[in-house]
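**Student:** What follows is entry.cif, made up of mmCIF, C-alpha atoms:
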data_work
#
loop_
_atom_site.label_atom_id
_atom_site.label_comp_id
_atom_site.auth_asym_id
_atom_site.auth_seq_id
_atom_site.Cartn_x
_atom_site.Cartn_y
_atom_site.Cartn_z
CA MET A 1 -153.95 -197.98 172.32
CA GLU A 2 -154.94 -198.24 168.70
CA GLY A 3 -157.76 -196.00 167.49
CA LEU A 4 -157.75 -193.66 170.49
CA THR A 5 -156.76 -190.00 170.47
CA PRO A 6 -153.86 -188.95 172.73
CA VAL A 7 -156.18 -187.60 175.40
CA GLN A 8 -158.37 -190.72 175.27
CA THR A 9 -155.32 -192.94 175.70
CA VAL A 10 -154.17 -191.04 178.77
CA ARG A 11 -157.72 -190.89 180.12
CA VAL A 12 -157.87 -194.71 180.04
CA ALA A 13 -154.70 -194.82 182.15
CA PHE A 14 -155.95 -192.14 184.54
CA ARG A 15 -159.26 -193.94 185.08
CA ALA A 16 -157.59 -197.32 185.57
CA GLU A 17 -155.12 -196.08 188.18
CA CYS A 18 -157.69 -193.97 190.04
CA GLU A 19 -160.26 -196.77 190.13
CA ARG A 20 -157.64 -199.14 191.52
CA LEU A 21 -156.55 -196.68 194.21
CA GLU A 22 -160.15 -195.95 195.14
CA ARG A 23 -160.79 -199.66 195.73
CA VAL A 24 -157.79 -199.75 198.05
CA LEU A 25 -159.01 -196.68 199.96
CA ARG A 26 -162.51 -198.10 200.39
CA ASP A 27 -160.96 -201.13 202.09
CA LEU A 28 -159.18 -199.07 204.78
CA ASP A 29 -160.23 -198.51 208.37
CA ASP A 30 -159.73 -195.26 210.26
CA ALA A 31 -156.57 -196.51 212.01
CA ALA A 32 -154.80 -197.02 208.67
CA LEU A 33 -155.05 -193.30 207.96
CA ASP A 34 -152.53 -192.52 210.70
CA ARG A 35 -149.82 -194.87 209.46
CA PRO A 36 -146.54 -193.16 208.48
CA THR A 37 -145.61 -192.96 204.79
CA PRO A 38 -142.32 -192.77 202.87
CA CYS A 39 -143.15 -189.05 202.38
CA PRO A 40 -142.60 -187.59 205.88
CA PRO A 41 -144.10 -185.79 207.66
CA TRP A 42 -147.23 -187.03 205.89
CA ARG A 43 -149.29 -189.86 207.24
CA VAL A 44 -151.60 -191.84 204.98
CA ARG A 45 -154.44 -189.34 205.41
CA ASP A 46 -152.19 -186.44 204.36
CA LEU A 47 -150.77 -188.26 201.34
CA VAL A 48 -154.24 -189.24 200.13
CA ALA A 49 -155.39 -185.64 200.54
CA HIS A 50 -152.46 -184.54 198.37
CA VAL A 51 -153.30 -187.14 195.72
CA SER A 52 -156.98 -186.16 195.80
CA THR A 53 -156.15 -182.51 195.24
CA GLY A 54 -153.84 -183.38 192.36
CA ALA A 55 -156.28 -185.80 190.76
CA GLY A 56 -159.08 -183.25 190.88
CA ARG A 57 -157.10 -180.24 189.79
CA LEU A 58 -157.97 -180.40 186.08
CA ALA A 59 -161.67 -179.81 186.70
CA GLY A 60 -160.91 -176.28 187.89
CA MET A 61 -158.24 -175.67 185.26
CA LEU A 62 -160.65 -176.55 182.45
CA ALA A 63 -163.14 -174.01 183.80
CA GLU A 64 -160.56 -171.24 183.25
CA PRO A 65 -159.71 -169.53 179.92
CA ALA A 66 -157.33 -171.48 177.70
CA PRO A 67 -153.82 -170.14 177.05
CA PRO A 68 -153.09 -169.53 173.36
CA ARG A 69 -150.55 -172.35 173.01
CA ALA A 70 -148.80 -175.09 174.95
CA GLU A 71 -145.26 -174.37 176.14
CA VAL A 72 -144.38 -177.28 178.46
CA ASP A 73 -144.72 -181.05 178.08
CA ALA A 74 -145.22 -183.63 180.83
CA ALA A 75 -141.54 -184.45 181.31
CA ALA A 76 -140.55 -180.77 181.52
CA TYR A 77 -143.35 -180.13 184.02
CA PHE A 78 -141.42 -182.05 186.68
CA GLY A 79 -138.58 -179.52 186.83
CA ALA A 80 -136.56 -178.47 189.85
CA ALA A 81 -138.81 -175.46 190.51
CA LYS A 82 -141.67 -177.81 191.44
CA PHE A 83 -139.57 -179.15 194.32
CA SER A 84 -138.02 -175.98 195.75
CA PRO A 85 -138.22 -175.57 199.54
CA PRO A 86 -141.05 -172.98 199.46
CA VAL A 87 -143.12 -175.10 197.05
CA ASP A 88 -142.46 -178.20 199.15
CA ARG A 89 -143.55 -176.43 202.34
CA ASP A 90 -146.76 -175.28 200.71
CA ARG A 91 -147.39 -178.78 199.36
CA VAL A 92 -146.93 -180.35 202.80
CA ASP A 93 -149.01 -177.78 204.66
CA SER A 94 -151.88 -177.68 202.17
CA ALA A 95 -152.22 -181.47 202.21
CA ARG A 96 -152.34 -181.54 206.00
CA ARG A 97 -155.02 -178.84 206.02
CA ALA A 98 -157.05 -180.72 203.42
CA ALA A 99 -156.74 -183.95 205.40
CA ARG A 100 -158.42 -182.38 208.41
CA GLU A 101 -161.57 -181.87 206.35
CA HIS A 102 -162.04 -185.64 205.89
CA PRO A 103 -161.22 -187.37 209.19
CA GLY A 104 -162.66 -190.84 208.52
CA ALA A 105 -161.65 -193.56 206.06
CA ALA A 106 -165.01 -193.55 204.28
CA GLU A 107 -164.81 -189.77 203.84
CA VAL A 108 -161.24 -189.99 202.54
CA ALA A 109 -162.20 -192.59 199.93
CA GLY A 110 -165.31 -190.64 198.98
CA GLU A 111 -163.38 -187.42 198.47
CA PHE A 112 -160.80 -189.11 196.27
CA GLY A 113 -163.58 -190.67 194.18
CA ARG A 114 -165.32 -187.32 193.81
CA ALA A 115 -162.11 -185.54 192.86
CA TRP A 116 -160.87 -187.86 190.14
CA ARG A 117 -164.31 -188.29 188.61
CA ALA A 118 -164.70 -184.50 188.38
CA THR A 119 -161.49 -184.40 186.36
CA ASP A 120 -162.54 -187.34 184.21
CA GLU A 121 -165.88 -185.70 183.36
CA ALA A 122 -164.21 -182.36 182.59
CA VAL A 123 -161.67 -184.02 180.32
CA ALA A 124 -164.40 -185.91 178.47
CA ALA A 125 -166.23 -182.64 177.78
CA ALA A 126 -163.13 -180.67 176.70
CA PRO A 127 -162.68 -179.76 173.02
CA PRO A 128 -159.81 -181.25 170.98
CA GLY A 129 -156.60 -179.29 171.27
CA ARG A 130 -157.51 -177.76 174.64
CA VAL A 131 -154.62 -176.05 176.44
CA VAL A 132 -154.61 -175.47 180.21
CA ARG A 133 -152.56 -173.37 182.60
CA THR A 134 -151.18 -175.05 185.71
CA ARG A 135 -151.03 -173.49 189.16
CA HIS A 136 -147.30 -172.99 188.53
CA GLY A 137 -148.05 -170.97 185.39
CA ASP A 138 -147.17 -173.62 182.79
CA ALA A 139 -149.25 -173.68 179.60
CA MET A 140 -149.77 -177.33 178.66
CA ALA A 141 -151.76 -179.37 176.16
CA LEU A 142 -154.52 -181.23 178.00
CA PRO A 143 -153.12 -184.74 177.31
CA GLU A 144 -149.71 -183.66 178.62
CA PHE A 145 -151.05 -182.34 181.91
CA LEU A 146 -153.26 -185.41 182.30
CA ARG A 147 -150.12 -187.51 181.90
CA THR A 148 -148.68 -185.73 184.95
CA ARG A 149 -151.78 -186.70 186.90
CA VAL A 150 -151.24 -190.35 186.01
CA VAL A 151 -147.65 -190.04 187.23
CA GLU A 152 -148.76 -188.46 190.52
CA VAL A 153 -151.40 -191.11 191.26
CA ALA A 154 -149.11 -193.97 190.25
CA VAL A 155 -146.01 -192.78 192.12
CA HIS A 156 -147.88 -192.00 195.31
CA GLY A 157 -149.71 -195.31 194.91
CA LEU A 158 -146.29 -196.90 195.47
CA ASP A 159 -145.87 -194.83 198.63
CA LEU A 160 -149.30 -195.81 199.90
CA ALA A 161 -148.67 -199.49 199.15
CA ASP A 162 -145.47 -199.30 201.19
CA ALA A 163 -147.23 -197.47 204.03
CA LEU A 164 -150.05 -200.01 204.11
CA ASP A 165 -147.77 -203.07 203.77
CA ARG A 166 -149.48 -204.08 200.52
CA PRO A 167 -148.07 -205.22 197.18
CA PRO A 168 -147.88 -202.37 194.63
CA TRP A 169 -150.90 -202.19 192.35
CA LEU A 170 -149.63 -200.22 189.32
CA THR A 171 -152.04 -200.83 186.44
CA PRO A 172 -150.68 -201.67 182.94
CA PRO A 173 -152.23 -198.60 181.20
CA ALA A 174 -150.74 -196.28 183.82
CA ALA A 175 -147.38 -198.05 183.69
CA ALA A 176 -147.11 -197.35 179.96
CA VAL A 177 -147.93 -193.65 180.40
CA VAL A 178 -145.62 -193.18 183.36
CA ALA A 179 -142.64 -194.86 181.71
CA GLY A 180 -143.06 -192.59 178.69
CA VAL A 181 -143.04 -189.46 180.84
CA LEU A 182 -140.13 -190.46 183.03
CA THR A 183 -137.85 -191.45 180.15
CA GLY A 184 -138.95 -188.77 177.69
CA GLY A 185 -140.47 -191.45 175.47
CA VAL A 186 -137.19 -193.36 174.97
CA PRO A 187 -137.48 -197.10 175.69
CA VAL A 188 -135.65 -198.24 178.81
CA PRO A 189 -132.57 -200.28 177.76
CA PRO A 190 -133.50 -203.97 177.96
CA GLY A 191 -130.13 -204.69 179.54
CA LEU A 192 -131.28 -202.95 182.71
CA ARG A 193 -134.10 -205.49 183.13
CA TRP A 194 -136.28 -202.93 184.87
CA ASP A 195 -139.98 -203.57 185.19
CA ALA A 196 -142.43 -200.66 185.36
CA LEU A 197 -142.26 -200.48 189.16
CA THR A 198 -138.46 -200.25 189.06
CA VAL A 199 -138.65 -197.43 186.49
CA LEU A 200 -140.90 -195.50 188.87
CA ARG A 201 -138.73 -196.12 191.88
CA LYS A 202 -135.47 -195.28 190.07
CA ALA A 203 -136.84 -192.15 188.39
CA THR A 204 -138.23 -190.73 191.61
CA GLY A 205 -135.29 -191.51 193.87
CA ARG A 206 -137.12 -194.23 195.75
CA LEU A 207 -134.32 -196.52 194.60
CA PRO A 208 -130.83 -195.11 193.87
CA LEU A 209 -129.30 -195.23 190.39
CA THR A 210 -125.96 -197.02 190.19
CA GLY A 211 -123.13 -195.66 188.07
CA ASP A 212 -123.55 -198.51 185.59
CA GLU A 213 -127.28 -197.82 185.30
CA HIS A 214 -126.66 -194.14 184.69
CA ALA A 215 -124.14 -194.97 181.96
CA GLU A 216 -126.58 -197.39 180.33
CA LEU A 217 -129.31 -194.75 180.30
CA THR A 218 -126.93 -192.23 178.76
CA ARG A 219 -125.96 -194.66 176.00
CA ALA A 220 -129.66 -195.18 175.26
CA GLY A 221 -130.19 -191.43 174.84
CA ILE A 222 -131.91 -190.88 178.18
CA GLY A 223 -129.93 -187.94 179.50
CA ARG A 224 -131.93 -187.74 182.69
CA LEU A 225 -135.04 -189.28 184.13
CA ALA A 226 -137.89 -186.80 184.59
CA PHE A 227 -137.37 -186.50 188.34
CA GLY A 228 -133.66 -185.86 187.97
CA GLY A 229 -132.01 -189.29 188.18
#
As a first step, turn the structure in this file into structure tokens.
**Tutor:**
Amino acid sequence: MEGLTPVQTVRVAFRAECERLERVLRDLDDAALDRPTPCPPWRVRDLVAHVSTGAGRLAGMLAEPAPPRAEVDAAAYFGAAKFSPPVDRDRVDSARRAAREHPGAAEVAGEFGRAWRATDEAVAAAPPGRVVRTRHGDAMALPEFLRTRVVEVAVHGLDLADALDRPPWLTPPAAAVVAGVLTGGVPVPPGLRWDALTVLRKATGRLPLTGDEHAELTRAGIGRLAFGG
């Protein structure tokens, strides 16, 4: 987006995707919260609690002292250590605990709105060049960590759309950010004819990569997709 700083560009994408998801959540009834998702054992209420926690995480991070320099970018953030069995167990259990604090659909939507807006306000007030430390110990430039938040909201938006039997709602600003993270900034080969939703599904294992697709990515200089495809 011409004329915007890196953090402003990512903030536009973050706001767009969060606003769209919040509209979806405000349209739900309580029964929808107990529908199963493609992320078992989570139901919709658990998955939204996980997304809310992730979307709001930067507000607390920006209140902490800044590391001296960034060491990890958005693509490297999604390494294998983030998906080890102990980390996965903690992720599942913490989301289920958080979900119990907001039992109704209106409360779930309200908490998500509060969480992402807290991050948005903190990002707007942060100085240029701000570095943050993640809960995993990574030191990251603010725009890079915010890019991971766009990925989280967008990818789990796909899961929620599937769980709710709705068409996916990926917003164009978020699609551009997510594709850049998942491919390391290398354009997806046009011969694959993937749209943004297919990039998300292929990169996160929600659709399998064929041998021909893997070879095409390699020829394009995409050694691996960020989630290990």
**Student:** Choose the residue, out of A:Pro103, A:Pro41, A:Gly79, A:Gly157, that has the smallest atom-to-atom separation from Asp29 of chain A; count only C-alpha atoms.
**Tutor:**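 Closest to Asp29 of chain A of all the choices is A:Pro103.
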**Student:** Using all atoms listed in the file, collect all residues at a distance of at most 10 Å from (-151.0, -190.4, 204.0) as written in the file, then present them as JSON, numbers by chain.
**Tutor:** {"A": [32, 33, 34, 35, 36, 37, 38, 39, 40, 41, 42, 43, 44, 45, 46, 47, 48, 49, 50, 51, 95, 96, 99, 156, 159, 160, 163, 164]}
**Student:** Write the residues of the selection above to a file with C-alpha atoms, as a compact mmCIF listing (two decimals), keeping the file's coordinate frame.
**Tutor:**
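And here's out.txt as it stands now:
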# COMPACT_ATOMS: atom_id res chain seq x y z
CA ALA A 32 -154.80 -197.02 208.67
CA LEU A 33 -155.05 -193.30 207.96
CA ASP A 34 -152.53 -192.52 210.70
CA ARG A 35 -149.82 -194.87 209.46
CA PRO A 36 -146.54 -193.16 208.48
CA THR A 37 -145.61 -192.96 204.79
CA PRO A 38 -142.32 -192.77 202.87
CA CYS A 39 -143.15 -189.05 202.38
CA PRO A 40 -142.60 -187.59 205.88
CA PRO A 41 -144.10 -185.79 207.66
CA TRP A 42 -147.23 -187.03 205.89
CA ARG A 43 -149.29 -189.86 207.24
CA VAL A 44 -151.60 -191.84 204.98
CA ARG A 45 -154.44 -189.34 205.41
CA ASP A 46 -152.19 -186.44 204.36
CA LEU A 47 -150.77 -188.26 201.34
CA VAL A 48 -154.24 -189.24 200.13
CA ALA A 49 -155.39 -185.64 200.54
CA HIS A 50 -152.46 -184.54 198.37
CA VAL A 51 -153.30 -187.14 195.72
CA ALA A 95 -152.22 -181.47 202.21
CA ARG A 96 -152.34 -181.54 206.00
CA ALA A 99 -156.74 -183.95 205.40
CA HIS A 156 -147.88 -192.00 195.31
CA ASP A 159 -145.87 -194.83 198.63
CA LEU A 160 -149.30 -195.81 199.90
CA ALA A 163 -147.23 -197.47 204.03
CA LEU A 164 -150.05 -200.01 204.11
**Student:** List as a CSV table (one decimal) with C-alpha atoms, in the coordinates of the input the protein and nucleic acid residues near Leu217 of chain A, meaning an atom at most 12 Å away when all atoms listed in the file are counted, but skip any in the same chain fewer than 6 places from it.
**Tutor:**
chain,number,residue,atom,x,y,z
A,182,LEU,CA,-140.1,-190.5,183.0
A,183,THR,CA,-137.8,-191.4,180.2
A,184,GLY,CA,-139.0,-188.8,177.7
A,186,VAL,CA,-137.2,-193.4,175.0
A,187,PRO,CA,-137.5,-197.1,175.7
A,188,VAL,CA,-135.6,-198.2,178.8
A,189,PRO,CA,-132.6,-200.3,177.8
A,190,PRO,CA,-133.5,-204.0,178.0
A,191,GLY,CA,-130.1,-204.7,179.5
A,192,LEU,CA,-131.3,-203.0,182.7
A,194,TRP,CA,-136.3,-202.9,184.9
A,199,VAL,CA,-138.6,-197.4,186.5
A,202,LYS,CA,-135.5,-195.3,190.1
A,203,ALA,CA,-136.8,-192.2,188.4
A,209,LEU,CA,-129.3,-195.2,190.4
A,210,THR,CA,-126.0,-197.0,190.2
A,211,GLY,CA,-123.1,-195.7,188.1
A,223,GLY,CA,-129.9,-187.9,179.5
A,224,ARG,CA,-131.9,-187.7,182.7
A,225,LEU,CA,-135.0,-189.3,184.1
A,229,GLY,CA,-132.0,-189.3,188.2
**Student:** Within 9 Å of (-152.3, -197.5, 181.1) (coordinates as in the file), grab all the protein and nucleic acid residues, counting all atoms listed in the file, and write them out as a PyMOL selection string.
**Tutor:** chain A and resi 1+9-17+150+171-178
**Student:** Pick from A:Val123, A:Leu146, A:Val151, A:Val108: nearest to Leu25 of chain A, with all atoms listed in the file counted?
**Tutor:** A:Val108
**Student:** Go through the shown structure with the PyMOL selection byres ((chain A and resi 67) around 9) and write out the matching residues as a VMD selection string.
**Tutor:** chain A and resid 65 to 66 68 to 70 130 to 133 139 to 140
**Student:** One number please: atom CA of Cys18 of chain A to atom CA of Gly113 of chain A, in Å, one decimal.
**Tutor:**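 Between atom CA of Cys18 of chain A and atom CA of Gly113 of chain A the gap is 7.9 Å.
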**Student:** The centre and edge lengths of an axis-aligned box containing all atoms of segment 160-172 of chain A present in the file, extended by 3 Å on each side, are to be given in Å to one decimal, as JSON.
**Tutor:**
{"center_x": -148.8, "center_y": -200.5, "center_z": 193.5, "size_x": 12.6, "size_y": 15.4, "size_z": 27.2}
**Student:** What is the distance between atom CA of Val72 of chain A and atom CA of His136 of chain A, in Å to one decimal?
**Tutor:**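 The value is 11.3 Å.
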**Student:** Please compute the atom CA of Met61 of chain A-atom CA of Arg20 of chain A distance, one decimal, in Å.
**Tutor:**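 It comes out at 24.3 Å.
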**Student:** In terms of the shortest atom-to-atom distance over all atoms listed in the file, which of A:Val92, A:Ala124, A:Ala74, A:Leu21 is closest to Val155 of chain A?
**Tutor:** A:Leu21
**Student:** I need the output of the PyMOL selection byres ((chain A and resi 106) around 9) for this file as a PyMOL selection string; which residues are they?
**Tutor:** chain A and resi 25-30+102-105+107-111
**Student:** Any chance you could turn segment 158-207 of chain A into a file with C-alpha atoms, as a PDB file, in the first residue's frame?
**Tutor:**
ATOM      1  CA  LEU A 158     -10.910 -20.566   7.359  1.00  0.00           C
ATOM      2  CA  ASP A 159     -11.441 -23.115  10.119  1.00  0.00           C
ATOM      3  CA  LEU A 160     -14.348 -21.156  11.553  1.00  0.00           C
ATOM      4  CA  ALA A 161     -15.934 -20.743   8.124  1.00  0.00           C
ATOM      5  CA  ASP A 162     -15.749 -24.509   7.646  1.00  0.00           C
ATOM      6  CA  ALA A 163     -17.167 -25.156  11.119  1.00  0.00           C
ATOM      7  CA  LEU A 164     -20.045 -22.741  10.557  1.00  0.00           C
ATOM      8  CA  ASP A 165     -20.789 -23.922   6.984  1.00  0.00           C
ATOM      9  CA  ARG A 166     -20.079 -20.443   5.602  1.00  0.00           C
ATOM     10  CA  PRO A 167     -18.053 -19.305   2.595  1.00  0.00           C
ATOM     11  CA  PRO A 168     -14.521 -18.181   3.565  1.00  0.00           C
ATOM     12  CA  TRP A 169     -14.236 -14.445   4.133  1.00  0.00           C
ATOM     13  CA  LEU A 170     -10.496 -13.747   3.709  1.00  0.00           C
ATOM     14  CA  THR A 171     -10.065 -10.009   3.114  1.00  0.00           C
ATOM     15  CA  PRO A 172      -7.774  -8.761   0.298  1.00  0.00           C
ATOM     16  CA  PRO A 173      -5.363  -6.836   2.611  1.00  0.00           C
ATOM     17  CA  ALA A 174      -4.938  -9.892   4.827  1.00  0.00           C
ATOM     18  CA  ALA A 175      -4.543 -12.192   1.821  1.00  0.00           C
ATOM     19  CA  ALA A 176      -1.584 -10.140   0.593  1.00  0.00           C
ATOM     20  CA  VAL A 177       0.136 -10.213   3.993  1.00  0.00           C
ATOM     21  CA  VAL A 178      -0.473 -13.905   4.561  1.00  0.00           C
ATOM     22  CA  ALA A 179       0.790 -14.963   1.140  1.00  0.00           C
ATOM     23  CA  GLY A 180       3.997 -13.010   1.743  1.00  0.00           C
ATOM     24  CA  VAL A 181       4.606 -14.738   5.071  1.00  0.00           C
ATOM     25  CA  LEU A 182       3.815 -18.243   3.889  1.00  0.00           C
ATOM     26  CA  THR A 183       6.013 -18.068   0.784  1.00  0.00           C
ATOM     27  CA  GLY A 184       8.821 -15.987   2.278  1.00  0.00           C
ATOM     28  CA  GLY A 185       7.895 -13.109  -0.025  1.00  0.00           C
ATOM     29  CA  VAL A 186       8.411 -15.090  -3.257  1.00  0.00           C
ATOM     30  CA  PRO A 187       5.443 -14.890  -5.660  1.00  0.00           C
ATOM     31  CA  VAL A 188       3.497 -18.123  -6.027  1.00  0.00           C
ATOM     32  CA  PRO A 189       4.198 -19.595  -9.498  1.00  0.00           C
ATOM     33  CA  PRO A 190       1.330 -18.576 -11.797  1.00  0.00           C
ATOM     34  CA  GLY A 191       1.304 -22.080 -13.247  1.00  0.00           C
ATOM     35  CA  LEU A 192      -0.128 -23.389  -9.980  1.00  0.00           C
ATOM     36  CA  ARG A 193      -3.217 -21.189 -10.400  1.00  0.00           C
ATOM     37  CA  TRP A 194      -3.644 -20.905  -6.649  1.00  0.00           C
ATOM     38  CA  ASP A 195      -5.836 -18.182  -5.248  1.00  0.00           C
ATOM     39  CA  ALA A 196      -5.146 -16.747  -1.785  1.00  0.00           C
ATOM     40  CA  LEU A 197      -7.399 -19.282  -0.065  1.00  0.00           C
ATOM     41  CA  THR A 198      -5.563 -22.164  -1.729  1.00  0.00           C
ATOM     42  CA  VAL A 199      -2.205 -20.739  -0.615  1.00  0.00           C
ATOM     43  CA  LEU A 200      -3.466 -20.722   2.970  1.00  0.00           C
ATOM     44  CA  ARG A 201      -4.860 -24.217   2.791  1.00  0.00           C
ATOM     45  CA  LYS A 202      -1.777 -25.683   1.089  1.00  0.00           C
ATOM     46  CA  ALA A 203       0.707 -23.935   3.390  1.00  0.00           C
ATOM     47  CA  THR A 204      -1.050 -25.057   6.550  1.00  0.00           C
ATOM     48  CA  GLY A 205      -1.743 -28.648   5.547  1.00  0.00           C
ATOM     49  CA  ARG A 206      -5.461 -28.110   5.169  1.00  0.00           C
ATOM     50  CA  LEU A 207      -4.977 -29.272   1.581  1.00  0.00           C
TER      51      LEU A 207
END
